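Text of model_27.txt (compact mmCIF, C-alpha atoms and all ligand atoms) as supplied:
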# COMPACT_ATOMS: atom_id res chain seq x y z
CA MET A 1 0.00 0.00 0.00
CA GLY A 2 1.28 3.46 -0.89
CA ILE A 3 1.05 6.71 1.00
CA LEU A 4 0.41 10.14 -0.44
CA LEU A 5 1.43 13.03 1.79
CA LYS A 6 -0.43 16.10 0.58
CA GLY A 7 0.38 19.74 1.07
CA GLY A 8 3.45 19.65 3.30
CA ILE A 9 6.38 22.03 3.13
CA ILE A 10 9.29 19.93 1.96
CA TYR A 11 12.98 20.36 2.66
CA THR A 12 14.90 18.01 0.40
CA GLY A 13 18.24 18.00 2.23
CA GLU A 14 20.23 17.43 -0.92
CA PRO A 15 19.91 19.42 -3.10
CA VAL A 16 19.44 21.96 -0.34
CA SER A 17 16.06 23.60 -0.67
CA ASP A 18 14.40 26.31 1.31
CA GLY A 19 11.08 24.62 1.77
CA THR A 20 8.50 24.38 -0.94
CA GLN A 21 4.99 23.03 -0.83
CA MET A 22 4.88 19.63 -2.48
CA ASP A 23 3.05 16.32 -2.40
CA ILE A 24 5.09 13.18 -1.85
CA LEU A 25 4.13 9.74 -3.14
CA ILE A 26 5.64 6.81 -1.27
CA GLU A 27 5.60 3.23 -2.54
CA ASP A 28 7.60 0.14 -1.66
CA GLY A 29 9.53 2.05 0.97
CA MET A 30 10.82 4.55 -1.57
CA ILE A 31 9.98 8.06 -2.63
CA LYS A 32 8.27 7.55 -5.97
CA ASP A 33 7.27 11.04 -6.87
CA GLN A 34 7.18 14.57 -5.56
CA GLN A 35 5.36 17.36 -7.28
CA ARG A 36 3.42 20.49 -6.56
CA ASN A 37 0.20 18.54 -6.93
CA ILE A 38 -0.17 14.79 -7.27
CA ASN A 39 -3.73 13.92 -8.21
CA PRO A 40 -4.56 10.42 -6.95
CA GLU A 41 -7.14 10.02 -9.72
CA GLU A 42 -4.45 10.33 -12.32
CA LEU A 43 -2.49 7.43 -10.88
CA GLY A 44 -3.09 3.90 -12.10
CA LYS A 45 -6.32 2.34 -10.78
CA SER A 46 -4.70 -0.33 -8.65
CA GLU A 47 -2.22 2.25 -7.38
CA SER A 48 -4.85 4.75 -6.30
CA GLU A 49 -7.12 2.14 -4.72
CA GLN A 50 -4.35 1.12 -2.39
CA LEU A 51 -3.35 4.60 -1.43
CA GLU A 52 -3.56 6.16 2.01
CA ILE A 53 -3.89 9.90 1.51
CA ILE A 54 -2.73 12.03 4.43
CA ASP A 55 -3.26 15.78 4.57
CA VAL A 56 -0.10 17.29 5.99
CA SER A 57 -0.79 20.90 5.09
CA GLY A 58 0.71 23.23 7.65
CA LEU A 59 3.35 20.65 8.53
CA THR A 60 6.99 20.48 7.50
CA ILE A 61 8.62 17.38 6.03
CA VAL A 62 12.36 16.89 6.27
CA PRO A 63 14.71 13.99 5.54
CA GLY A 64 14.67 11.62 8.53
CA LEU A 65 17.08 12.76 11.21
CA VAL A 66 20.29 10.78 11.64
CA ASP A 67 22.09 10.47 14.97
CA MET A 68 25.56 9.02 14.73
CA HIS A 69 26.19 8.90 18.48
CA VAL A 70 23.72 6.95 20.62
CA HIS A 71 24.21 4.64 23.60
CA LEU A 72 21.58 1.93 23.39
CA ARG A 73 23.06 0.06 26.41
CA GLU A 74 22.03 -3.40 25.15
CA PRO A 75 23.59 -5.91 25.61
CA GLY A 76 24.54 -5.64 29.25
CA PHE A 77 22.83 -2.59 30.72
CA GLU A 78 19.18 -3.22 29.89
CA TYR A 79 18.06 -1.46 33.07
CA LYS A 80 19.31 1.80 31.51
CA GLU A 81 17.96 1.29 27.97
CA THR A 82 17.27 -1.46 25.47
CA ILE A 83 17.38 -1.56 21.71
CA ALA A 84 13.55 -1.56 21.77
CA THR A 85 13.19 1.49 24.05
CA GLY A 86 16.15 3.37 22.62
CA THR A 87 14.92 3.08 19.04
CA LYS A 88 11.39 4.02 20.15
CA SER A 89 12.90 7.09 21.76
CA ALA A 90 14.74 7.79 18.49
CA ALA A 91 11.51 7.50 16.47
CA ARG A 92 9.77 9.94 18.82
CA GLY A 93 12.64 12.32 18.38
CA GLY A 94 12.28 12.24 14.59
CA PHE A 95 15.31 10.03 13.98
CA THR A 96 15.11 7.40 11.26
CA SER A 97 18.72 6.21 11.51
CA ILE A 98 20.99 5.94 14.49
CA ALA A 99 24.46 4.56 15.09
CA CYS A 100 25.11 2.97 18.47
CA MET A 101 28.31 3.02 20.48
CA PRO A 102 30.18 -0.15 21.49
CA ASN A 103 30.55 0.40 25.26
CA THR A 104 28.13 -2.41 26.02
CA LYS A 105 28.73 -5.59 28.01
CA PRO A 106 30.19 -7.52 26.32
CA THR A 107 31.97 -4.75 24.45
CA ALA A 108 31.09 -4.63 20.77
CA ASP A 109 34.65 -5.56 19.83
CA ASN A 110 33.70 -8.89 18.19
CA SER A 111 31.49 -9.83 15.26
CA GLY A 112 29.11 -11.85 17.51
CA THR A 113 28.07 -8.76 19.45
CA ILE A 114 27.70 -6.69 16.28
CA GLU A 115 25.50 -9.41 14.80
CA PHE A 116 23.45 -9.59 18.02
CA ILE A 117 22.78 -5.84 17.92
CA LYS A 118 21.78 -5.99 14.27
CA GLN A 119 19.49 -8.95 14.82
CA ARG A 120 17.85 -7.45 17.90
CA ALA A 121 17.35 -4.16 16.07
CA LYS A 122 15.77 -6.02 13.17
CA GLU A 123 13.32 -7.77 15.50
CA GLN A 124 12.55 -4.95 17.93
CA GLY A 125 13.99 -1.76 16.52
CA LEU A 126 11.83 1.03 15.15
CA VAL A 127 14.54 2.84 13.21
CA HIS A 128 17.56 1.83 11.15
CA THR A 129 20.25 0.92 13.67
CA TYR A 130 23.91 0.83 12.66
CA PRO A 131 26.44 -0.54 15.13
CA ILE A 132 29.78 1.15 15.69
CA ALA A 133 32.48 -1.32 16.71
CA ALA A 134 35.17 -0.76 19.32
CA LEU A 135 38.54 0.31 17.96
CA THR A 136 40.57 -1.70 20.47
CA VAL A 137 39.82 -4.90 22.34
CA ASP A 138 37.69 -4.12 25.40
CA ARG A 139 38.19 -0.42 24.62
CA VAL A 140 41.38 -0.33 26.68
CA GLY A 141 43.53 1.11 23.92
CA LYS A 142 46.07 -1.69 23.60
CA GLU A 143 45.21 -4.18 20.87
CA ILE A 144 43.36 -3.21 17.70
CA VAL A 145 40.17 -5.19 17.00
CA GLU A 146 39.76 -7.51 14.01
CA MET A 147 38.52 -4.68 11.82
CA ASP A 148 37.94 -6.95 8.87
CA ASP A 149 35.50 -9.23 10.75
CA LEU A 150 33.70 -6.36 12.40
CA TYR A 151 33.32 -4.45 9.16
CA SER A 152 31.97 -7.58 7.44
CA ALA A 153 29.52 -8.08 10.34
CA GLY A 154 28.12 -4.58 9.71
CA ALA A 155 30.12 -2.04 11.74
CA VAL A 156 29.85 1.40 10.11
CA ALA A 157 32.67 3.02 12.11
CA PHE A 158 35.17 2.24 14.86
CA SER A 159 35.39 3.99 18.21
CA ASP A 160 36.51 3.49 21.81
CA ASP A 161 33.96 6.15 22.81
CA GLY A 162 34.08 6.79 26.53
CA SER A 163 37.86 6.49 26.44
CA TRP A 164 40.61 8.04 24.40
CA VAL A 165 43.25 5.82 22.79
CA HIS A 166 46.22 7.13 24.74
CA ASP A 167 48.91 5.26 22.84
CA SER A 168 49.69 7.30 19.73
CA GLY A 169 51.23 4.28 17.99
CA VAL A 170 48.05 2.24 18.45
CA MET A 171 45.95 5.14 17.18
CA ARG A 172 48.18 5.62 14.15
CA THR A 173 47.96 1.95 13.21
CA ALA A 174 44.20 1.89 13.76
CA LEU A 175 43.78 4.90 11.47
CA GLU A 176 45.95 3.22 8.83
CA TYR A 177 43.88 0.00 8.94
CA SER A 178 40.59 1.90 8.84
CA GLN A 179 41.47 3.13 5.34
CA LEU A 180 41.11 -0.41 4.03
CA PHE A 181 37.41 -0.19 4.83
CA ASN A 182 36.87 3.47 4.11
CA VAL A 183 35.02 4.08 7.38
CA PRO A 184 35.64 6.77 9.98
CA VAL A 185 37.49 6.31 13.24
CA ILE A 186 35.54 8.23 15.87
CA SER A 187 37.61 9.63 18.69
CA HIS A 188 36.44 10.52 22.19
CA CYS A 189 39.09 13.14 22.84
CA GLU A 190 39.99 13.27 26.49
CA ASP A 191 43.42 13.21 28.05
CA GLU A 192 42.52 11.47 31.28
CA GLY A 193 45.75 12.63 32.88
CA LEU A 194 44.24 16.10 32.76
CA SER A 195 40.58 15.37 33.40
CA ASP A 196 41.62 13.00 36.22
CA SER A 197 38.68 12.65 38.58
CA GLY A 198 37.15 15.92 37.40
CA GLN A 199 33.41 16.34 37.72
CA VAL A 200 32.64 19.60 35.93
CA ASN A 201 34.23 22.29 33.81
CA GLU A 202 37.32 23.72 35.50
CA GLY A 203 36.67 27.30 36.53
CA TYR A 204 35.14 29.65 39.01
CA LEU A 205 31.94 27.71 39.53
CA ALA A 206 33.78 24.43 40.14
CA SER A 207 35.90 26.12 42.81
CA VAL A 208 32.93 27.73 44.51
CA MET A 209 31.03 24.47 44.50
CA GLY A 210 34.03 22.50 45.74
CA LEU A 211 34.02 20.17 42.73
CA SER A 212 37.14 19.08 40.87
CA GLY A 213 37.44 20.54 37.40
CA ILE A 214 38.09 19.28 33.87
CA PRO A 215 40.11 21.86 31.89
CA ASN A 216 39.41 22.56 28.20
CA GLU A 217 42.91 21.28 27.45
CA SER A 218 41.90 17.77 28.49
CA GLU A 219 39.90 17.73 25.26
CA SER A 220 41.83 20.04 22.97
CA ILE A 221 45.23 18.40 23.52
CA ALA A 222 43.67 15.08 22.49
CA VAL A 223 42.02 16.73 19.47
CA ALA A 224 45.37 18.20 18.40
CA ARG A 225 47.15 14.83 18.55
CA ASP A 226 44.41 12.99 16.70
CA VAL A 227 44.24 15.64 14.01
CA MET A 228 47.99 15.26 13.49
CA LEU A 229 47.62 11.50 13.18
CA SER A 230 44.82 11.95 10.66
CA GLU A 231 47.13 14.24 8.69
CA LEU A 232 49.96 11.72 8.94
CA THR A 233 47.88 8.76 7.79
CA GLY A 234 45.33 10.45 5.53
CA ALA A 235 42.59 8.52 7.33
CA HIS A 236 39.13 9.89 8.09
CA LEU A 237 39.05 10.94 11.73
CA HIS A 238 35.73 11.99 13.23
CA ILE A 239 35.85 13.80 16.55
CA ALA A 240 32.95 13.12 18.88
CA HIS A 241 31.12 15.67 21.03
CA ILE A 242 33.50 18.62 20.88
CA SER A 243 32.96 21.15 23.62
CA THR A 244 35.71 23.78 23.59
CA ALA A 245 36.66 26.88 21.63
CA GLN A 246 40.21 25.49 21.28
CA SER A 247 38.95 22.30 19.63
CA VAL A 248 37.01 24.37 17.09
CA ASP A 249 40.18 26.33 16.29
CA ILE A 250 42.32 23.23 15.86
CA ILE A 251 39.77 21.58 13.56
CA ARG A 252 39.27 24.77 11.54
CA LYS A 253 42.99 25.01 10.85
CA ALA A 254 43.23 21.30 10.05
CA LYS A 255 40.35 21.53 7.56
CA ASP A 256 42.03 24.53 5.95
CA ARG A 257 45.08 22.31 5.38
CA GLY A 258 42.92 19.60 3.87
CA VAL A 259 43.13 17.10 6.75
CA PRO A 260 40.25 14.58 6.43
CA VAL A 261 38.78 15.40 9.83
CA THR A 262 35.10 15.83 10.67
CA ALA A 263 33.43 16.70 13.94
CA GLU A 264 30.15 16.63 15.82
CA VAL A 265 28.65 18.65 18.64
CA THR A 266 25.75 17.79 20.94
CA PRO A 267 22.60 19.89 21.30
CA HIS A 268 23.35 20.41 25.02
CA HIS A 269 26.82 21.82 24.39
CA LEU A 270 25.23 24.30 21.96
CA ILE A 271 22.88 25.76 24.53
CA LEU A 272 23.92 25.04 28.13
CA THR A 273 26.85 26.34 30.16
CA ASP A 274 28.38 25.12 33.39
CA SER A 275 25.95 27.35 35.28
CA THR A 276 23.40 24.55 34.72
CA ILE A 277 25.14 22.51 37.43
CA GLN A 278 24.38 25.08 40.10
CA ASN A 279 22.43 23.36 42.88
CA TYR A 280 24.44 20.24 42.08
CA ASN A 281 22.04 19.24 39.32
CA THR A 282 23.25 15.74 38.39
CA MET A 283 21.06 15.79 35.25
CA ALA A 284 23.59 18.23 33.78
CA LYS A 285 26.63 16.14 34.75
CA VAL A 286 28.03 15.08 31.42
CA ASN A 287 31.33 14.29 29.78
CA PRO A 288 32.73 16.41 28.21
CA PRO A 289 31.35 18.85 30.77
CA LEU A 290 29.18 21.85 29.97
CA ARG A 291 31.61 24.71 29.37
CA THR A 292 31.43 28.50 29.31
CA GLU A 293 29.47 31.06 27.31
CA GLU A 294 32.59 31.66 25.23
CA ASP A 295 32.82 27.98 24.29
CA VAL A 296 29.13 27.85 23.36
CA LYS A 297 29.66 30.84 21.10
CA ALA A 298 32.67 29.21 19.43
CA LEU A 299 30.75 25.97 18.88
CA ARG A 300 27.88 27.86 17.24
CA GLN A 301 30.34 29.73 15.05
CA GLY A 302 32.04 26.41 14.20
CA ILE A 303 28.80 24.85 13.09
CA LYS A 304 27.89 27.91 11.05
CA GLU A 305 31.21 27.81 9.20
CA GLY A 306 31.08 24.06 8.61
CA VAL A 307 34.07 23.41 10.89
CA ILE A 308 31.64 21.18 12.80
CA ASP A 309 29.84 18.90 10.37
CA CYS A 310 26.95 17.57 12.35
CA ILE A 311 24.89 17.41 15.49
CA ALA A 312 24.82 14.15 17.43
CA THR A 313 23.05 13.60 20.74
CA ASP A 314 25.44 11.34 22.69
CA HIS A 315 22.15 10.00 24.13
CA ALA A 316 23.34 8.40 27.39
CA PRO A 317 20.50 6.97 29.48
CA HIS A 318 21.01 6.15 33.16
CA SER A 319 18.53 4.90 35.73
CA THR A 320 16.93 7.39 38.10
CA ASP A 321 18.58 5.68 41.09
CA GLU A 322 22.01 6.15 39.56
CA LYS A 323 21.49 9.88 39.03
CA ASN A 324 19.76 10.54 42.38
CA VAL A 325 22.98 10.50 44.40
CA GLU A 326 25.63 13.01 45.48
CA PHE A 327 27.12 14.87 42.53
CA ASP A 328 30.51 13.16 42.82
CA ASN A 329 28.96 9.71 42.63
CA ALA A 330 26.51 10.30 39.77
CA PRO A 331 27.46 8.90 36.36
CA PHE A 332 28.16 11.22 33.44
CA GLY A 333 25.61 11.48 30.65
CA LEU A 334 22.17 12.67 29.68
CA VAL A 335 19.42 11.60 27.29
CA GLY A 336 18.95 13.59 24.14
CA LEU A 337 16.99 11.82 21.43
CA GLU A 338 13.56 13.22 22.26
CA THR A 339 14.62 16.84 22.69
CA ALA A 340 17.41 17.04 20.08
CA PHE A 341 15.49 18.72 17.30
CA SER A 342 13.77 21.44 19.30
CA VAL A 343 16.83 22.17 21.44
CA SER A 344 19.02 22.46 18.33
CA LYS A 345 16.42 24.63 16.63
CA LYS A 346 16.34 26.93 19.65
CA ALA A 347 20.15 27.09 19.85
CA LEU A 348 20.79 27.62 16.14
CA VAL A 349 17.75 28.59 14.09
CA ASP A 350 15.85 30.79 16.56
CA SER A 351 19.09 32.62 17.36
CA GLY A 352 19.81 33.24 13.67
CA VAL A 353 22.97 31.10 13.40
CA LEU A 354 21.54 28.67 10.82
CA SER A 355 18.54 28.47 8.52
CA LEU A 356 16.21 25.52 8.96
CA SER A 357 17.61 23.85 5.83
CA GLU A 358 21.14 24.23 7.22
CA LEU A 359 20.00 22.64 10.49
CA ILE A 360 18.57 19.71 8.52
CA GLU A 361 21.93 19.32 6.81
CA LYS A 362 23.63 19.07 10.21
CA MET A 363 21.07 16.66 11.63
CA SER A 364 20.40 14.46 8.61
CA THR A 365 22.28 14.94 5.35
CA ASN A 366 25.79 15.35 6.77
CA PRO A 367 25.77 12.50 9.30
CA ALA A 368 24.25 10.22 6.64
CA LYS A 369 27.09 11.13 4.29
CA LEU A 370 29.74 10.63 6.97
CA LEU A 371 28.54 7.10 7.62
CA LYS A 372 27.73 6.47 3.93
CA LEU A 373 24.06 5.76 4.65
CA PRO A 374 21.48 5.91 1.85
CA SER A 375 19.26 8.39 3.75
CA GLY A 376 19.53 12.10 4.43
CA LYS A 377 17.73 13.36 1.33
CA LEU A 378 14.20 13.45 0.00
CA VAL A 379 14.57 12.81 -3.69
CA HIS A 380 13.10 10.44 -6.25
CA GLU A 381 14.02 6.80 -5.50
CA ALA A 382 15.57 7.66 -2.13
CA PRO A 383 14.44 5.57 0.86
CA ALA A 384 11.24 6.99 2.35
CA ASP A 385 12.90 7.94 5.62
CA LEU A 386 11.35 11.19 6.70
CA THR A 387 10.29 13.28 9.64
CA ILE A 388 7.13 15.37 9.86
CA LEU A 389 7.29 18.42 12.09
CA SER A 390 4.93 20.95 13.49
CA LEU A 391 7.51 23.70 13.50
CA ASP A 392 5.74 26.37 15.55
CA GLU A 393 4.09 24.07 18.04
CA LYS A 394 5.23 24.60 21.60
CA TYR A 395 5.48 21.92 24.26
CA THR A 396 6.89 21.51 27.73
CA VAL A 397 9.55 18.85 28.24
CA ASN A 398 8.41 16.17 30.65
CA PRO A 399 10.96 13.35 30.92
CA GLY A 400 8.22 11.18 32.41
CA ASP A 401 6.72 11.08 28.90
CA PHE A 402 9.93 9.92 27.22
CA ALA A 403 9.93 6.53 25.54
CA SER A 404 13.53 6.19 26.67
CA LEU A 405 14.05 4.40 29.97
CA GLY A 406 16.44 7.23 30.80
CA LYS A 407 14.73 10.29 32.28
CA ASN A 408 18.02 12.10 32.88
CA SER A 409 17.40 15.29 30.93
CA PRO A 410 18.61 18.76 31.90
CA PHE A 411 15.72 20.18 29.86
CA ALA A 412 12.87 19.05 32.13
CA GLY A 413 10.32 21.84 32.37
CA TRP A 414 11.70 23.80 29.40
CA GLU A 415 9.19 25.15 26.93
CA LEU A 416 10.43 24.27 23.46
CA GLU A 417 9.13 24.82 19.96
CA GLY A 418 9.09 22.36 17.06
CA LYS A 419 7.23 19.16 17.69
CA ILE A 420 7.84 15.84 15.96
CA VAL A 421 4.45 14.63 14.75
CA ALA A 422 5.51 11.61 12.73
CA THR A 423 8.55 9.58 11.77
CA MET A 424 8.58 7.33 8.72
CA VAL A 425 11.19 4.63 8.23
CA SER A 426 11.35 2.84 4.86
CA GLY A 427 7.83 3.99 4.00
CA GLU A 428 6.22 2.94 7.27
CA PHE A 429 5.35 5.07 10.25
CA SER A 430 7.38 4.21 13.31
CA TYR A 431 5.82 7.13 15.16
CA ARG A 432 2.71 9.01 14.22
CA GLN A 433 0.52 11.45 16.08
CA PHE A 434 -1.95 12.46 13.40
CA GLY A 435 -4.21 11.10 10.73
CA SER A 436 -7.11 8.70 10.79
CA ASP A 437 -6.01 6.44 13.58
CA ASP A 438 -3.86 8.68 15.78
CA HIS A 439 -1.48 5.83 16.02
CA VAL A 440 1.21 6.29 18.63
CA VAL A 441 3.76 3.54 19.00
ZN ZN B 1 32.26 10.01 24.34
Kindly transcribe the structure held in the file into structure tokens.
Amino acid sequence: MGILLKGGIIYTGEPVSDGTQMDILIEDGMIKDQQRNINPEELGKSESEQLEIIDVSGLTIVPGLVDMHVHLREPGFEYKETIATGTKSAARGGFTSIACMPNTKPTADNSGTIEFIKQRAKEQGLVHTYPIAALTVDRVGKEIVEMDDLYSAGAVAFSDDGSWVHDSGVMRTALEYSQLFNVPVISHCEDEGLSDSGQVNEGYLASVMGLSGIPNESESIAVARDVMLSELTGAHLHIAHISTAQSVDIIRKAKDRGVPVTAEVTPHHLILTDSTIQNYNTMAKVNPPLRTEEDVKALRQGIKEGVIDCIATDHAPHSTDEKNVEFDNAPFGLVGLETAFSVSKKALVDSGVLSLSELIEKMSTNPAKLLKLPSGKLVHEAPADLTILSLDEKYTVNPGDFASLGKNSPFAGWELEGKIVATMVSGEFSYRQFGSDDHVV
């Protein structure tokens, strides 16, 4: 059965368009046609009889969002999140494709675990789920994984996310091997000698609150080394969740020299500063930590210039019990899938840094390209992965309503604008809040 979406404002992603009213015809999981007006009576008889026509006038349709940095927690930490709940959370957040990090238990450093994740996602997942494999065995930075096996099993990138590969020789070799498969190595840049047991951004507030600090250099020194190794090897390095003005500078200069480096930033680092941790709010305890106003400004400038390629959530669910403890004992991380679009829109579009079509590039087209996924654009014969938005609709964030098992959001109680009303994956709704049957999964 086909679906005809009538009267929506369409952003194509690639080619970049500024939003035009068009009808979209979807058949067999693909975009079959898009025109100013598709008249169902002019379609073939059997085609039109089997057509669901949905009036989406007043709504905005964009290429399905892509999040290349998600912690699904399964296998091993199912009390925090599962592949079923994490992908449901993704669908509610407008994401049609996600890539999940390997810091599970067992670590996704072997083809069996990669195959398990793929299989479980196929059975229970609501969005396309692409596993990222560990870069080193057990993510301890010593021995490089069997990249060949992991790539064949379906890994779309390699990363020791959560830890930095301290040994420069290991990192160099890993980058060299990665070129055989033409996939990015994603680096969590953190010199742990500098971040030590730090809890928050190093600075005035940390001192006043009596918390140990994490200096910007803990990240930027690691970024500098990895950029140099990318330059040395010619391998695609992708830097995860950058948070400092210095990192933006280093990457800008590297890109100017033609180094094949890309970078992502989270929605929370684009809008929150370390002041959010006042009152010892553990929901805002995250790694890298929330930085200063100056860093936020530099990150926004970096994304505007294209120094930062994409937005990724680093969705990191934890149980309520884990977060409801003294600040020092709470784990790092916050959930982001269900607030990512509206928070990013507030940080970047409402403040005039990006246009909506540029935001869509950062949240869909660019991450899809980085991981070589077929999505990220709404064109003829592309997969029908799309997100339908009610752009001006306001809502109040209530983590209790999240599909994610993790309720650890620093945005609880915020009034945000830009609601996800439906998410379509391969031509089928995985989340839908309108139409004949008001079907909410
Ligand atoms: Zn990380």
Just want the 12 Å neighbourhood of A:Asn366, counted on all atoms listed in the file, with same-chain residues fewer than 2 positions away dropped. Output as number ranges by chain. A: 13-14, 16, 63-68, 262-264, 303, 306, 308-312, 357-364, 368-377
Would you name the residues within 6 Å of ligand ZN 1 (chain B), counting only C-alpha atoms and all ligand atoms, and put them as a PyMOL selection string? chain A and resi 161-162+188
Give me, as CSV, each residue of stretch 119-213 of chain A that comes within 10 Å of stretch 72-91 of chain A, together with its shortest interatomic pair and the distance in Å at one decimal, counting all atoms listed in the file, with rows ordered by chain and rising residue number.
residue,atom,partner,partner_atom,distance
A:Arg120,CA,A:Ile83,CA,7.0
A:Ala121,CA,A:Ile83,CA,6.2
A:Lys122,CA,A:Ile83,CA,9.8
A:Glu123,CA,A:Ala84,CA,8.8
A:Gln124,CA,A:Ala84,CA,5.2
A:Gly125,CA,A:Ala84,CA,5.3
A:Leu126,CA,A:Thr87,CA,5.4
A:Val127,CA,A:Thr87,CA,5.8
A:His128,CA,A:Thr87,CA,8.4
A:Thr129,CA,A:Thr87,CA,7.9
A:Pro131,CA,A:Leu72,CA,9.9
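Picture a line from atom CA of A:His238 to atom CA of A:Thr266; it runs 13.9 Å.
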Residue neighbourhood A:Glu322, 10 Å, only C-alpha atoms, exclusion window fewer than 4 positions, as a list in words: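 Listed by chain and then number, they are Lys80, Thr282, His318, Glu326, Asn329, Ala330, Pro331 and Asn408 of chain A.
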Among listed residues A:Gly400, A:Gly352, A:Pro410, A:Gly29, nearest A:Ile277 (using only C-alpha atoms):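 Using only C-alpha atoms, the shortest distance to A:Ile277 belongs to A:Pro410.
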Determine, counting only C-alpha atoms, which protein, DNA and RNA residues have an atom within 9 Å of an atom of stretch 212-227 of chain A; residues of the same chain fewer than 2 positions away are not included. Present the result as an mmCIF file with C-alpha atoms, in the frame of the given file.
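Saved the output as part-v5.cif:
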data_model
loop_
_atom_site.group_PDB
_atom_site.id
_atom_site.type_symbol
_atom_site.label_atom_id
_atom_site.label_comp_id
_atom_site.auth_asym_id
_atom_site.auth_seq_id
_atom_site.Cartn_x
_atom_site.Cartn_y
_atom_site.Cartn_z
ATOM 1 C CA TRP A 164 40.610 8.040 24.400
ATOM 2 C CA HIS A 166 46.220 7.130 24.740
ATOM 3 C CA SER A 168 49.690 7.300 19.730
ATOM 4 C CA MET A 171 45.950 5.140 17.180
ATOM 5 C CA ARG A 172 48.180 5.620 14.150
ATOM 6 C CA SER A 187 37.610 9.630 18.690
ATOM 7 C CA HIS A 188 36.440 10.520 22.190
ATOM 8 C CA CYS A 189 39.090 13.140 22.840
ATOM 9 C CA GLU A 190 39.990 13.270 26.490
ATOM 10 C CA ASP A 191 43.420 13.210 28.050
ATOM 11 C CA GLU A 192 42.520 11.470 31.280
ATOM 12 C CA GLY A 193 45.750 12.630 32.880
ATOM 13 C CA LEU A 194 44.240 16.100 32.760
ATOM 14 C CA SER A 195 40.580 15.370 33.400
ATOM 15 C CA ASP A 196 41.620 13.000 36.220
ATOM 16 C CA SER A 197 38.680 12.650 38.580
ATOM 17 C CA GLY A 198 37.150 15.920 37.400
ATOM 18 C CA GLN A 199 33.410 16.340 37.720
ATOM 19 C CA VAL A 200 32.640 19.600 35.930
ATOM 20 C CA ASN A 201 34.230 22.290 33.810
ATOM 21 C CA GLU A 202 37.320 23.720 35.500
ATOM 22 C CA GLY A 203 36.670 27.300 36.530
ATOM 23 C CA ALA A 206 33.780 24.430 40.140
ATOM 24 C CA SER A 207 35.900 26.120 42.810
ATOM 25 C CA MET A 209 31.030 24.470 44.500
ATOM 26 C CA GLY A 210 34.030 22.500 45.740
ATOM 27 C CA LEU A 229 47.620 11.500 13.180
ATOM 28 C CA SER A 230 44.820 11.950 10.660
ATOM 29 C CA GLU A 231 47.130 14.240 8.690
ATOM 30 C CA LEU A 232 49.960 11.720 8.940
ATOM 31 C CA LEU A 237 39.050 10.940 11.730
ATOM 32 C CA ILE A 239 35.850 13.800 16.550
ATOM 33 C CA ILE A 242 33.500 18.620 20.880
ATOM 34 C CA SER A 243 32.960 21.150 23.620
ATOM 35 C CA THR A 244 35.710 23.780 23.590
ATOM 36 C CA ALA A 245 36.660 26.880 21.630
ATOM 37 C CA GLN A 246 40.210 25.490 21.280
ATOM 38 C CA SER A 247 38.950 22.300 19.630
ATOM 39 C CA VAL A 248 37.010 24.370 17.090
ATOM 40 C CA ILE A 250 42.320 23.230 15.860
ATOM 41 C CA ILE A 251 39.770 21.580 13.560
ATOM 42 C CA ALA A 254 43.230 21.300 10.050
ATOM 43 C CA VAL A 259 43.130 17.100 6.750
ATOM 44 C CA PRO A 260 40.250 14.580 6.430
ATOM 45 C CA VAL A 261 38.780 15.400 9.830
ATOM 46 C CA PRO A 288 32.730 16.410 28.210
ATOM 47 C CA PRO A 289 31.350 18.850 30.770
ATOM 48 C CA ARG A 291 31.610 24.710 29.370
#
Expected axis-aligned box over every listed atom of stretch 3-18 of chain A, 5 Å added per side, centre plus edges in Å to one decimal, as AutoDock Vina command-line options:
--center_x 9.9 --center_y 16.5 --center_z 0.1 --size_x 30.7 --size_y 29.6 --size_z 16.4
Using only C-alpha atoms, which residues sit within 9 Å of A:Glu338 once same-chain residues fewer than 5 positions away are excluded, as a CSV table (one decimal) with C-alpha atoms, keeping the file's coordinate frame?
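Result written to around05.csv:
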chain,number,residue,atom,x,y,z
A,89,SER,CA,12.9,7.1,21.8
A,90,ALA,CA,14.7,7.8,18.5
A,91,ALA,CA,11.5,7.5,16.5
A,92,ARG,CA,9.8,9.9,18.8
A,93,GLY,CA,12.6,12.3,18.4
A,94,GLY,CA,12.3,12.2,14.6
A,402,PHE,CA,9.9,9.9,27.2
A,403,ALA,CA,9.9,6.5,25.5
A,404,SER,CA,13.5,6.2,26.7
A,420,ILE,CA,7.8,15.8,16.0
Rounded to one decimal in Å, what is the spacing between atom CA of A:Thr276 and atom CA of A:Asp249?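 Value for the atom CA of A:Thr276-atom CA of A:Asp249 distance: 25.0 Å.
Atom CA of A:Thr320 to atom CA of A:Thr396 spans 20.2 Å [interatomic distance, one decimal].
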Leaving out A:Leu272 and any residue of its chain fewer than 2 positions from it, which residues lie within 8 Å of it when counting only C-alpha atoms, given as JSON, numbers by chain? {"A": [268, 269, 270, 274, 275, 276, 290, 291, 296]}
